[in-house]
file data-v2.csv (CSV, C-alpha atoms and all ligand atoms)
chain,number,residue,atom,x,y,z
A,236,MET,CA,7.0,150.3,238.6
A,237,HIS,CA,5.5,148.2,241.4
A,238,GLU,CA,7.6,150.0,243.9
A,239,LEU,CA,6.6,153.4,242.5
A,240,LEU,CA,2.9,152.4,242.4
A,241,GLN,CA,3.1,151.3,246.0
A,242,MET,CA,4.6,154.7,247.0
A,243,ARG,CA,1.2,156.2,246.1
A,244,LEU,CA,2.9,159.2,244.6
A,245,ALA,CA,1.0,162.4,244.2
A,246,ASN,CA,0.6,164.6,241.1
A,247,PRO,CA,4.1,165.7,240.0
A,248,SER,CA,2.8,169.2,239.5
A,249,SER,CA,1.6,169.6,243.1
A,250,GLN,CA,3.7,171.8,245.4
A,251,HIS,CA,3.5,169.6,248.5
A,252,SER,CA,6.3,167.2,249.4
A,253,ALA,CA,4.5,164.1,247.9
A,254,GLY,CA,4.1,166.0,244.7
A,255,ARG,CA,7.8,167.1,244.8
A,256,LYS,CA,8.9,163.5,245.2
A,257,ALA,CA,6.8,162.5,242.2
A,258,ARG,CA,8.3,165.4,240.2
A,259,GLN,CA,11.8,164.3,241.1
A,260,ILE,CA,11.1,160.7,239.8
A,261,VAL,CA,9.7,162.0,236.5
A,262,GLU,CA,12.6,164.4,236.0
A,263,GLN,CA,15.3,161.9,236.9
A,264,ALA,CA,13.7,159.5,234.4
A,265,ARG,CA,13.6,162.2,231.7
A,266,GLU,CA,17.3,163.1,232.2
A,267,SER,CA,18.4,159.4,232.3
A,268,ILE,CA,16.5,158.4,229.1
A,269,LEU,CA,17.8,161.5,227.3
A,270,LYS,CA,21.3,160.7,228.3
A,271,HIS,CA,21.0,157.0,227.3
A,272,CYS,CA,19.7,158.1,223.8
A,273,GLY,CA,22.8,160.4,223.4
A,274,GLY,CA,21.0,163.6,224.0
A,275,ARG,CA,22.8,166.6,225.7
A,276,THR,CA,21.5,166.9,229.3
A,277,ARG,CA,23.8,169.6,230.7
A,278,GLY,CA,24.6,173.2,230.0
A,279,MET,CA,22.8,176.0,228.1
A,280,ALA,CA,22.3,173.9,225.0
A,281,SER,CA,20.5,170.9,226.6
A,282,ASP,CA,18.2,168.8,224.4
A,283,HIS,CA,14.7,168.0,225.6
A,284,LEU,CA,12.6,164.9,226.0
A,285,LEU,CA,8.8,165.3,226.0
A,286,PHE,CA,7.0,162.3,227.4
A,287,THR,CA,4.0,161.1,225.3
A,288,SER,CA,1.7,158.1,225.3
A,289,GLY,CA,3.9,156.3,222.7
A,290,GLY,CA,5.4,156.2,219.3
A,291,THR,CA,2.2,157.1,217.5
A,292,GLU,CA,1.6,160.3,219.4
A,293,SER,CA,5.3,161.3,219.2
A,294,ASN,CA,5.2,160.8,215.4
A,295,ASN,CA,2.1,162.9,215.1
A,296,LEU,CA,3.5,165.6,217.4
A,297,ALA,CA,6.6,165.7,215.2
A,298,ILE,CA,4.7,165.9,211.9
A,299,PHE,CA,2.2,168.5,213.0
A,300,GLY,CA,4.1,170.3,215.8
A,301,LEU,CA,7.3,170.9,213.8
A,302,THR,CA,5.6,172.1,210.7
A,303,GLU,CA,2.8,174.3,212.0
A,304,MET,CA,4.9,177.5,211.8
A,305,VAL,CA,7.0,176.4,208.8
A,306,PRO,CA,5.8,176.7,205.3
A,307,GLY,CA,6.6,174.1,202.7
A,308,ALA,CA,6.2,170.4,201.9
A,309,ILE,CA,6.4,167.5,204.3
A,310,VAL,CA,8.6,164.7,203.0
A,311,VAL,CA,8.2,161.2,204.2
A,312,SER,CA,9.5,157.9,203.0
A,313,ALA,CA,7.2,155.3,201.5
A,314,ILE,CA,8.1,152.7,204.2
A,315,GLU,CA,7.3,154.8,207.3
A,316,HIS,CA,5.1,153.4,210.0
A,317,PRO,CA,1.3,154.1,209.6
A,318,SER,CA,1.5,156.7,212.4
A,319,VAL,CA,3.8,158.8,210.1
A,320,LEU,CA,2.0,158.1,206.9
A,321,GLY,CA,-1.4,158.6,208.4
A,322,ALA,CA,-0.4,162.0,209.9
A,323,ALA,CA,1.1,163.0,206.5
A,324,GLU,CA,-2.1,162.0,204.7
A,325,PHE,CA,-4.2,164.1,207.1
A,326,ALA,CA,-1.9,167.0,206.6
A,327,ALA,CA,-2.3,166.5,202.8
A,328,ALA,CA,-6.0,166.4,203.1
A,329,HIS,CA,-5.8,169.8,204.8
A,330,GLY,CA,-3.8,171.5,202.1
A,331,ARG,CA,-0.2,170.7,203.0
A,332,GLU,CA,2.0,169.4,200.1
A,333,VAL,CA,3.3,165.9,201.0
A,334,ARG,CA,6.0,164.2,199.0
A,335,THR,CA,7.0,160.5,199.3
A,336,LEU,CA,10.6,159.2,199.0
A,337,PRO,CA,10.8,155.8,197.3
A,338,CYS,CA,12.9,152.9,198.5
A,339,ASP,CA,15.0,150.4,196.5
A,340,GLY,CA,14.6,146.7,196.2
A,341,ASN,CA,16.8,146.2,199.3
A,342,GLY,CA,14.4,148.2,201.4
A,343,VAL,CA,16.6,151.3,201.7
A,344,VAL,CA,15.2,154.8,201.2
A,345,CYS,CA,16.7,156.6,198.1
A,346,LEU,CA,18.4,159.8,199.0
A,347,GLU,CA,19.0,161.0,195.4
A,348,ARG,CA,15.4,162.2,195.2
A,349,LEU,CA,15.8,163.9,198.6
A,350,SER,CA,19.0,165.7,197.3
A,351,ALA,CA,17.1,166.9,194.2
A,352,TRP,CA,14.2,168.2,196.3
A,353,ILE,CA,16.6,170.0,198.7
A,354,ALA,CA,18.2,171.6,195.7
A,355,GLU,CA,14.8,172.9,194.6
A,356,HIS,CA,14.1,174.0,198.2
A,357,LYS,CA,17.1,176.3,197.9
A,358,GLN,CA,15.6,177.7,194.8
A,359,GLY,CA,12.2,178.6,196.3
A,360,LYS,CA,10.2,175.3,196.4
A,361,PRO,CA,10.3,175.0,200.2
A,362,ILE,CA,10.4,171.9,202.3
A,363,ALA,CA,9.2,172.2,206.0
A,364,LEU,CA,10.2,168.8,207.3
A,365,VAL,CA,11.7,165.5,206.3
A,366,SER,CA,10.8,162.3,208.2
A,367,ILE,CA,12.7,159.1,207.6
A,368,MET,CA,12.7,156.2,210.1
A,369,LEU,CA,15.9,154.9,211.6
A,370,ALA,CA,15.1,151.3,210.9
A,371,ASN,CA,12.0,149.7,209.3
A,372,ASN,CA,9.6,147.8,211.6
A,373,GLU,CA,8.8,145.1,209.0
A,374,THR,CA,12.1,144.4,207.3
A,375,GLY,CA,14.5,145.7,210.1
A,376,VAL,CA,16.5,147.5,207.4
A,377,TYR,CA,18.5,150.5,208.7
A,378,GLN,CA,17.9,153.7,206.8
A,379,PRO,CA,20.5,156.4,205.9
A,380,VAL,CA,19.2,158.9,208.5
A,381,ALA,CA,22.5,160.5,209.4
A,382,GLU,CA,23.2,161.2,205.7
A,383,ALA,CA,19.7,162.6,205.2
A,384,ALA,CA,20.1,164.8,208.3
A,385,GLN,CA,23.3,166.2,206.9
A,386,ILE,CA,21.6,167.0,203.6
A,387,CYS,CA,18.7,168.7,205.5
A,388,ARG,CA,21.0,170.5,208.0
A,389,ASN,CA,23.0,172.1,205.1
A,390,ALA,CA,19.8,173.5,203.7
A,391,GLY,CA,18.2,174.5,207.1
A,392,VAL,CA,15.4,171.9,206.7
A,393,LEU,CA,14.0,170.2,209.8
A,394,MET,CA,14.6,166.5,210.1
A,395,HIS,CA,12.7,163.9,212.2
A,396,THR,CA,13.4,160.2,212.6
A,397,ASP,CA,11.2,157.4,214.1
A,398,ALA,CA,13.7,155.4,216.1
A,399,VAL,CA,11.0,153.2,217.8
A,400,GLN,CA,12.5,150.0,216.5
A,401,VAL,CA,16.1,150.8,217.3
A,402,LEU,CA,16.1,151.8,221.0
A,403,GLY,CA,17.3,148.8,223.0
A,404,LYS,CA,18.1,146.8,219.9
A,405,SER,CA,21.1,148.6,218.5
A,406,PRO,CA,23.4,151.5,219.6
A,407,MET,CA,21.8,154.9,218.9
A,408,ASN,CA,23.0,158.4,219.4
A,409,PHE,CA,20.7,161.4,219.0
A,410,GLU,CA,23.6,164.0,218.8
A,411,ALA,CA,25.6,161.9,216.3
A,412,LEU,CA,22.5,161.5,214.1
A,413,ASP,CA,22.1,165.2,214.1
A,414,VAL,CA,18.4,165.2,213.6
A,415,ASP,CA,16.0,167.8,215.1
A,416,ALA,CA,13.5,165.3,216.6
A,417,LEU,CA,13.5,161.6,217.3
A,418,THR,CA,10.6,159.3,218.4
A,419,ILE,CA,11.0,156.5,221.0
A,420,THR,CA,8.5,154.2,222.8
A,421,ALA,CA,8.9,152.0,225.9
A,422,HIS,CA,7.0,148.8,224.9
A,423,LYS,CA,9.5,147.9,222.2
A,424,LEU,CA,12.1,147.1,224.8
A,425,HIS,CA,10.1,145.3,227.3
A,426,GLY,CA,8.9,148.5,229.0
A,427,PRO,CA,5.3,149.6,229.8
A,428,VAL,CA,2.7,150.2,227.1
A,429,GLY,CA,1.4,153.8,227.3
A,430,ILE,CA,4.6,155.9,227.4
A,431,GLY,CA,6.9,157.1,224.7
A,432,GLY,CA,8.9,160.2,224.0
A,433,LEU,CA,9.9,162.8,221.5
A,434,LEU,CA,13.5,164.0,221.8
A,435,LEU,CA,13.9,167.6,220.6
A,436,ARG,CA,17.3,169.1,219.8
A,437,HIS,CA,18.1,172.3,221.8
A,438,GLY,CA,16.2,175.3,220.3
A,439,VAL,CA,13.8,173.3,218.1
A,440,GLN,CA,10.3,174.8,218.2
A,441,VAL,CA,7.4,172.4,218.4
A,442,SER,CA,3.7,173.6,218.5
A,443,PRO,CA,1.5,171.7,220.9
A,444,ARG,CA,-1.4,169.5,219.8
A,445,ALA,CA,-3.2,169.6,223.1
A,446,PHE,CA,-4.0,172.6,225.2
A,447,GLY,CA,-5.0,173.7,228.7
A,448,GLY,CA,-2.1,172.5,230.9
A,449,PHE,CA,1.4,173.9,231.7
A,450,GLN,CA,3.1,170.5,232.1
A,451,GLN,CA,6.1,169.8,229.9
A,452,LEU,CA,6.4,173.5,229.0
A,453,GLY,CA,2.9,173.4,227.7
A,454,LEU,CA,4.1,171.5,224.7
A,455,ARG,CA,2.5,168.2,225.7
A,456,PRO,CA,0.2,169.1,228.6
A,457,GLY,CA,-1.4,166.6,231.0
A,458,THR,CA,-0.4,165.1,234.3
A,459,GLU,CA,2.7,162.9,234.0
A,460,MET,CA,2.7,159.4,235.4
A,461,PRO,CA,5.8,158.7,237.6
A,462,ALA,CA,5.4,154.9,237.5
A,463,LEU,CA,5.3,154.9,233.6
A,464,ALA,CA,8.3,157.3,233.5
A,465,GLY,CA,10.2,155.2,236.0
A,466,GLY,CA,9.4,152.0,234.1
A,467,PHE,CA,10.5,153.5,230.8
A,468,GLU,CA,13.8,154.7,232.5
A,469,THR,CA,14.4,151.2,233.9
A,470,CYS,CA,14.0,149.4,230.6
A,471,VAL,CA,16.2,151.9,228.8
A,472,SER,CA,19.0,151.7,231.4
A,473,LEU,CA,18.7,147.9,231.6
A,474,ALA,CA,19.0,147.6,227.8
A,475,ALA,CA,22.0,150.0,227.8
A,476,SER,CA,23.8,148.0,230.5
A,477,CYS,CA,24.1,144.9,228.3
A,478,LEU,CA,23.2,146.1,224.9
A,479,MET,CA,25.9,144.3,222.9
A,480,ASP,CA,25.2,141.0,224.7
A,481,ARG,CA,21.5,141.4,223.8
A,482,VAL,CA,22.4,142.3,220.2
A,483,ALA,CA,24.5,139.1,220.0
A,484,CYS,CA,21.8,136.9,221.4
A,485,MET,CA,19.1,138.4,219.2
A,486,GLN,CA,21.3,138.1,216.1
A,487,ARG,CA,22.2,134.5,216.8
A,488,GLN,CA,18.6,133.5,217.3
A,489,ARG,CA,17.3,135.4,214.3
A,490,ASN,CA,20.0,134.0,212.0
A,491,SER,CA,19.4,130.5,213.4
A,492,LEU,CA,15.6,130.8,212.7
A,493,GLN,CA,16.4,132.2,209.2
A,494,GLN,CA,18.9,129.4,208.3
A,495,SER,CA,16.7,126.6,209.7
A,496,ILE,CA,13.7,127.8,207.7
A,497,ARG,CA,15.8,128.1,204.6
A,498,ASP,CA,17.1,124.6,205.1
A,499,SER,CA,13.6,123.0,205.5
A,500,ILE,CA,11.6,125.2,203.1
A,501,PRO,CA,14.2,126.2,200.4
A,502,ASP,CA,11.8,128.2,198.3
A,503,CYS,CA,11.1,130.7,201.1
A,504,VAL,CA,12.2,134.3,200.4
A,505,VAL,CA,14.0,136.3,203.1
A,506,VAL,CA,13.3,140.0,202.7
A,507,GLY,CA,15.9,142.7,203.5
A,508,ASP,CA,18.8,140.3,204.2
A,509,THR,CA,21.0,142.0,201.5
A,510,SER,CA,21.0,145.2,203.7
A,511,ASP,CA,22.2,146.1,207.1
A,512,ARG,CA,19.3,144.9,209.4
A,513,LEU,CA,18.2,145.1,213.0
A,514,PRO,CA,19.3,142.0,214.9
A,515,HIS,CA,15.8,140.8,216.0
A,516,THR,CA,13.7,141.1,212.8
A,517,LEU,CA,13.1,138.4,210.2
A,518,SER,CA,10.8,139.3,207.3
A,519,ILE,CA,10.2,136.1,205.3
A,520,SER,CA,7.8,135.1,202.6
A,521,PHE,CA,6.4,131.8,201.4
A,522,PRO,CA,5.1,132.2,197.9
A,523,GLY,CA,1.9,130.4,197.2
A,524,VAL,CA,0.7,130.9,200.8
A,525,GLU,CA,-1.7,133.6,202.0
A,526,ARG,CA,-0.1,135.5,205.0
A,527,GLN,CA,-3.2,135.7,207.0
A,528,ALA,CA,-3.9,132.0,206.8
A,529,LEU,CA,-0.3,131.4,207.8
A,530,GLN,CA,-0.6,133.7,210.7
A,531,LEU,CA,-3.7,132.0,211.9
A,532,ALA,CA,-2.2,128.5,211.6
A,533,LEU,CA,0.9,129.6,213.5
A,534,ASP,CA,-1.2,131.2,216.2
A,535,MET,CA,-3.1,128.0,216.6
A,536,ALA,CA,0.3,126.3,217.1
A,537,GLY,CA,1.1,128.8,219.8
A,538,ILE,CA,3.5,130.9,217.7
A,539,ALA,CA,3.0,134.7,217.3
A,540,CYS,CA,4.1,136.3,214.0
A,541,SER,CA,3.0,139.5,212.3
A,542,THR,CA,1.7,140.3,208.8
A,543,GLY,CA,2.7,144.0,208.8
A,544,SER,CA,2.8,146.7,211.5
A,545,ALA,CA,0.5,145.7,214.4
A,546,CYS,CA,-1.6,148.9,213.7
A,547,ALA,CA,-2.4,147.8,210.2
A,548,SER,CA,-2.6,144.0,210.7
A,549,GLY,CA,-6.3,144.0,211.3
A,550,SER,CA,-6.6,144.9,207.6
A,551,SER,CA,-6.3,142.6,204.7
A,552,GLN,CA,-4.2,145.2,202.8
A,553,PRO,CA,-0.8,143.9,201.6
A,554,SER,CA,2.2,145.4,203.4
A,555,HIS,CA,3.0,148.9,202.0
A,556,VAL,CA,6.6,148.2,202.8
A,557,LEU,CA,6.9,145.1,200.7
A,558,LEU,CA,4.9,146.8,197.9
A,559,ALA,CA,7.3,149.8,198.1
A,560,MET,CA,10.2,147.4,197.5
A,561,HIS,CA,8.4,146.3,194.3
A,562,LEU,CA,8.6,142.6,195.3
A,563,ASN,CA,6.9,139.9,193.3
A,564,PRO,CA,3.1,139.9,194.2
A,565,ALA,CA,3.3,136.3,195.4
A,566,VAL,CA,6.2,137.3,197.8
A,567,VAL,CA,4.1,140.2,199.1
A,568,ARG,CA,1.0,138.0,199.6
A,569,GLY,CA,3.0,135.4,201.5
A,570,GLY,CA,5.1,137.7,203.7
A,571,ILE,CA,5.2,137.5,207.5
A,572,ARG,CA,7.5,138.8,210.1
A,573,PHE,CA,9.0,137.1,213.1
A,574,SER,CA,10.7,139.1,216.0
A,575,VAL,CA,13.0,137.4,218.5
A,576,SER,CA,14.2,138.8,221.8
A,577,ALA,CA,17.3,138.2,223.8
A,578,ASP,CA,15.1,135.8,225.8
A,579,THR,CA,14.1,133.6,222.8
A,580,THR,CA,15.3,130.0,223.4
A,581,ASP,CA,16.7,127.4,221.0
A,582,ALA,CA,13.6,125.3,221.7
A,583,GLU,CA,11.3,128.1,220.6
A,584,ILE,CA,13.2,128.4,217.3
A,585,GLU,CA,13.1,124.7,216.8
A,586,GLU,CA,9.3,124.6,217.6
A,587,THR,CA,8.7,127.4,215.0
A,588,VAL,CA,10.6,125.6,212.3
A,589,GLN,CA,8.8,122.4,212.9
A,590,ALA,CA,5.4,124.2,212.8
A,591,LEU,CA,6.3,125.8,209.5
A,592,GLN,CA,7.4,122.5,208.0
A,593,ALA,CA,4.0,121.1,208.8
A,594,ILE,CA,1.8,124.1,207.9
A,595,ILE,CA,3.4,125.4,204.7
A,596,PRO,CA,2.7,122.2,202.6
A,597,GLN,CA,-0.8,122.0,203.9
A,598,LEU,CA,-1.6,125.6,203.0
A,599,ARG,CA,-0.1,125.2,199.6
A,600,LYS,CA,-2.3,122.2,198.9
B,1,LIG,C1,8.5,152.1,213.6
B,1,LIG,C2,7.3,152.3,214.6
B,1,LIG,N1,6.9,153.5,214.8
B,1,LIG,C3,5.9,153.8,215.6
B,1,LIG,C4,5.2,152.8,216.2
B,1,LIG,C5,4.0,153.1,217.1
B,1,LIG,O1,4.4,153.1,218.5
B,1,LIG,P1,3.3,152.9,219.6
B,1,LIG,O2,2.8,151.5,219.5
B,1,LIG,O3,4.1,153.2,220.9
B,1,LIG,O4,2.3,154.0,219.4
B,1,LIG,C6,5.6,151.4,216.1
B,1,LIG,C7,4.9,150.4,216.7
B,1,LIG,O5,4.7,149.3,216.3
B,1,LIG,C8,6.7,151.2,215.2
B,1,LIG,O6,7.1,149.9,214.9

call {"tool": "encode", "arguments": {"input": "data-v2.csv", "output": "structure tokens"}}
result
Amino acid sequence: MHELLQMRLANPSSQHSAGRKARQIVEQARESILKHCGGRTRGMASDHLLFTSGGTESNNLAIFGLTEMVPGAIVVSAIEHPSVLGAAEFAAAHGREVRTLPCDGNGVVCLERLSAWIAEHKQGKPIALVSIMLANNETGVYQPVAEAAQICRNAGVLMHTDAVQVLGKSPMNFEALDVDALTITAHKLHGPVGIGGLLLRHGVQVSPRAFGGFQQLGLRPGTEMPALAGGFETCVSLAASCLMDRVACMQRQRNSLQQSIRDSIPDCVVVGDTSDRLPHTLSISFPGVERQALQLALDMAGIACSTGSACASGSSQPSHVLLAMHLNPAVVRGGIRFSVSADTTDAEIEETVQALQAIIPQLRK
């Protein structure tokens, strides 16, 4: 990104050579990211990647842009990120029917309900779009997206998935998932904040949410930023070049953190460990402790954890994900999340466990 910024690139839509150079960088980044995500980049049936400002915008573009011309209900799961749930709520407030899929106690979205609604769709109770995330940001639990996409495809219903947490953390293939649209963002894999994308399957129609420019086929107008696109591309290809090594590192550190906490605070509750999980996420609860007090105490000890999705963590509302799993209220109240990266060290794990050993008894007192 530094190199690209130093090149003082022009507007990629300008016709002069500085503009054409900038265009080339943006388009190379677009093609490379699409390819790394398993999208089709060649031939008549190429998929498409729209650059956006991040996951929130991509999710909103999917929810509103895919349904504008399609009648019927929007189906979301109860454990979606606030950027999907908020968009669905807004659509509901403006007259769209919204239905919510429950999840089970292991944090996995129930597809029986979806199958029943799809059967009704075939009998005249239309569904416009189904949106189920690929893995949950709080528990890390993978969701049965490919299965849901099959159910939707057989009925001609559009399917979107929020894959923000999966890119760079686990193998992912857009074509194999067989969804119509997929959300990604750069900052979840050490890339720049301020750029994300919406992958669109060949032929899928999306209506724009912004107007007045011809960039990106007019579907997401506005001047593209070559340094952000280049930074996004770099982090995606770096992650792809050593994905399985990164996965192994993250899994080892997450499991070590989980086991060490269990050994020293045996009445902690690990959430989602009975399901297939992302390698870097640890959702853990300390009944009898208030999550916000715990987050504050850890922060003072120099350790960053989270009490929900970052977008909701300013609020004192309990996690909608843990509530949807129908966990014991004390588990919901004391639930926090740690995320490790491939760079997390043994010393950092040890420091975290020691801090918890000191803090938890104090807070319980
Ligand atoms: C699952 C999920 N979706 C969407 C987002 C929003 O992405 P962004 O921060 O790029 O808007 C996040 C970010 O925390 C996320 O975890």

call {"tool": "residues_around", "arguments": {"input": "data-v2.csv", "residues": "range 372-382 of chain A", "least_positions_apart": "2", "cutoff": "7 Å", "atoms": "only C-alpha atoms", "output": "list in words"}}
result
Gly342, Val343, Val344, Ile367, Met368, Leu369, Ala370, Ala384, Gln385, Ile386, Gln400, Leu412, Asp413, Val506, Gly507, Ser510, Asp511, Arg512, Leu513, Thr516, Leu517, Ser518, Gly543, Ser544 and Arg572 of chain A

call {"tool": "residues_near_ligand", "arguments": {"input": "data-v2.csv", "ligand": "ligand LIG 1 (chain B)", "cutoff": "9 Å", "atoms": "only C-alpha atoms and all ligand atoms", "output": "PDB file with C-alpha atoms, in the coordinates of the input"}}
result
ATOM      1  CA  SER A 288       1.700 158.100 225.300  1.00  0.00           C
ATOM      2  CA  GLY A 289       3.900 156.300 222.700  1.00  0.00           C
ATOM      3  CA  GLY A 290       5.400 156.200 219.300  1.00  0.00           C
ATOM      4  CA  THR A 291       2.200 157.100 217.500  1.00  0.00           C
ATOM      5  CA  GLU A 292       1.600 160.300 219.400  1.00  0.00           C
ATOM      6  CA  SER A 293       5.300 161.300 219.200  1.00  0.00           C
ATOM      7  CA  ASN A 294       5.200 160.800 215.400  1.00  0.00           C
ATOM      8  CA  GLU A 315       7.300 154.800 207.300  1.00  0.00           C
ATOM      9  CA  HIS A 316       5.100 153.400 210.000  1.00  0.00           C
ATOM     10  CA  PRO A 317       1.300 154.100 209.600  1.00  0.00           C
ATOM     11  CA  SER A 318       1.500 156.700 212.400  1.00  0.00           C
ATOM     12  CA  VAL A 319       3.800 158.800 210.100  1.00  0.00           C
ATOM     13  CA  MET A 368      12.700 156.200 210.100  1.00  0.00           C
ATOM     14  CA  LEU A 369      15.900 154.900 211.600  1.00  0.00           C
ATOM     15  CA  ALA A 370      15.100 151.300 210.900  1.00  0.00           C
ATOM     16  CA  ASN A 371      12.000 149.700 209.300  1.00  0.00           C
ATOM     17  CA  ASN A 372       9.600 147.800 211.600  1.00  0.00           C
ATOM     18  CA  GLU A 373       8.800 145.100 209.000  1.00  0.00           C
ATOM     19  CA  ASP A 397      11.200 157.400 214.100  1.00  0.00           C
ATOM     20  CA  ALA A 398      13.700 155.400 216.100  1.00  0.00           C
ATOM     21  CA  VAL A 399      11.000 153.200 217.800  1.00  0.00           C
ATOM     22  CA  GLN A 400      12.500 150.000 216.500  1.00  0.00           C
ATOM     23  CA  VAL A 401      16.100 150.800 217.300  1.00  0.00           C
ATOM     24  CA  THR A 418      10.600 159.300 218.400  1.00  0.00           C
ATOM     25  CA  ILE A 419      11.000 156.500 221.000  1.00  0.00           C
ATOM     26  CA  THR A 420       8.500 154.200 222.800  1.00  0.00           C
ATOM     27  CA  ALA A 421       8.900 152.000 225.900  1.00  0.00           C
ATOM     28  CA  HIS A 422       7.000 148.800 224.900  1.00  0.00           C
ATOM     29  CA  LYS A 423       9.500 147.900 222.200  1.00  0.00           C
ATOM     30  CA  VAL A 428       2.700 150.200 227.100  1.00  0.00           C
ATOM     31  CA  GLY A 429       1.400 153.800 227.300  1.00  0.00           C
ATOM     32  CA  ILE A 430       4.600 155.900 227.400  1.00  0.00           C
ATOM     33  CA  GLY A 431       6.900 157.100 224.700  1.00  0.00           C
ATOM     34  CA  SER A 544       2.800 146.700 211.500  1.00  0.00           C
ATOM     35  CA  ALA A 545       0.500 145.700 214.400  1.00  0.00           C
ATOM     36  CA  CYS A 546      -1.600 148.900 213.700  1.00  0.00           C
TER      37      CYS A 546
END

call {"tool": "closest_residue", "arguments": {"input": "data-v2.csv", "among": "A:Val471, A:Ile594, A:Ala351, A:Ala308", "to": "Leu364 in chain A", "atoms": "all atoms listed in the file"}}
result
A:Ala308

call {"tool": "closest_atom_pairs", "arguments": {"input": "data-v2.csv", "of": "range 268-352 of chain A", "to": "range 405-411 of chain A", "cutoff": "10 Å", "atoms": "all atoms listed in the file", "output": "tab-separated table"}}
result
residue	atom	partner	partner_atom	distance
A:Leu269	CA	A:Phe409	CA	8.8
A:Lys270	CA	A:Phe409	CA	9.3
A:His271	CA	A:Asn408	CA	8.3
A:Cys272	CA	A:Asn408	CA	5.5
A:Gly273	CA	A:Asn408	CA	4.5
A:Gly274	CA	A:Phe409	CA	5.5
A:Arg275	CA	A:Glu410	CA	7.4
A:Asp282	CA	A:Glu410	CA	9.1

call {"tool": "atom_distance", "arguments": {"input": "data-v2.csv", "atom1": "CA of Ser574 in chain A", "atom2": "CA of Cys484 in chain A"}}
result
12.5 Å

call {"tool": "closest_residue", "arguments": {"input": "data-v2.csv", "among": "A:Val439, A:Val333, A:Ala354, A:Glu347", "to": "Ser281 in chain A", "atoms": "all atoms listed in the file"}}
result
A:Val439

call {"tool": "residues_around", "arguments": {"input": "data-v2.csv", "residues": "Gly453 in chain A", "least_positions_apart": "2", "cutoff": "12 Å", "atoms": "only C-alpha atoms", "output": "NGL selection string"}}
result
:A and (285-286 or 441-451 or 455-458)

call {"tool": "atom_distance", "arguments": {"input": "data-v2.csv", "atom1": "CA of Ser350 in chain A", "atom2": "CA of Ser554 in chain A"}}
result
27.0 Å

call {"tool": "residues_around", "arguments": {"input": "data-v2.csv", "residues": "Arg348 in chain A", "least_positions_apart": "2", "cutoff": "12 Å", "atoms": "all atoms listed in the file", "output": "VMD selection string"}}
result
chain A and resid 310 to 312 334 to 339 344 to 346 350 to 355 383 386

call {"tool": "residues_around", "arguments": {"input": "data-v2.csv", "residues": "Arg481 in chain A", "least_positions_apart": "3", "cutoff": "10 Å", "atoms": "only C-alpha atoms", "output": "JSON, numbers by chain"}}
result
{"A": [403, 404, 405, 474, 475, 476, 477, 478, 484, 485, 486, 487, 514, 515, 576, 577, 578]}

call {"tool": "closest_residue", "arguments": {"input": "data-v2.csv", "among": "A:Ile538, A:Leu463, A:Met236, A:Ala313", "to": "Val575 in chain A", "atoms": "all atoms listed in the file"}}
result
A:Ile538

call {"tool": "atom_distance", "arguments": {"input": "data-v2.csv", "atom1": "CA of Val365 in chain A", "atom2": "CA of Ile309 in chain A"}}
result
6.0 Å
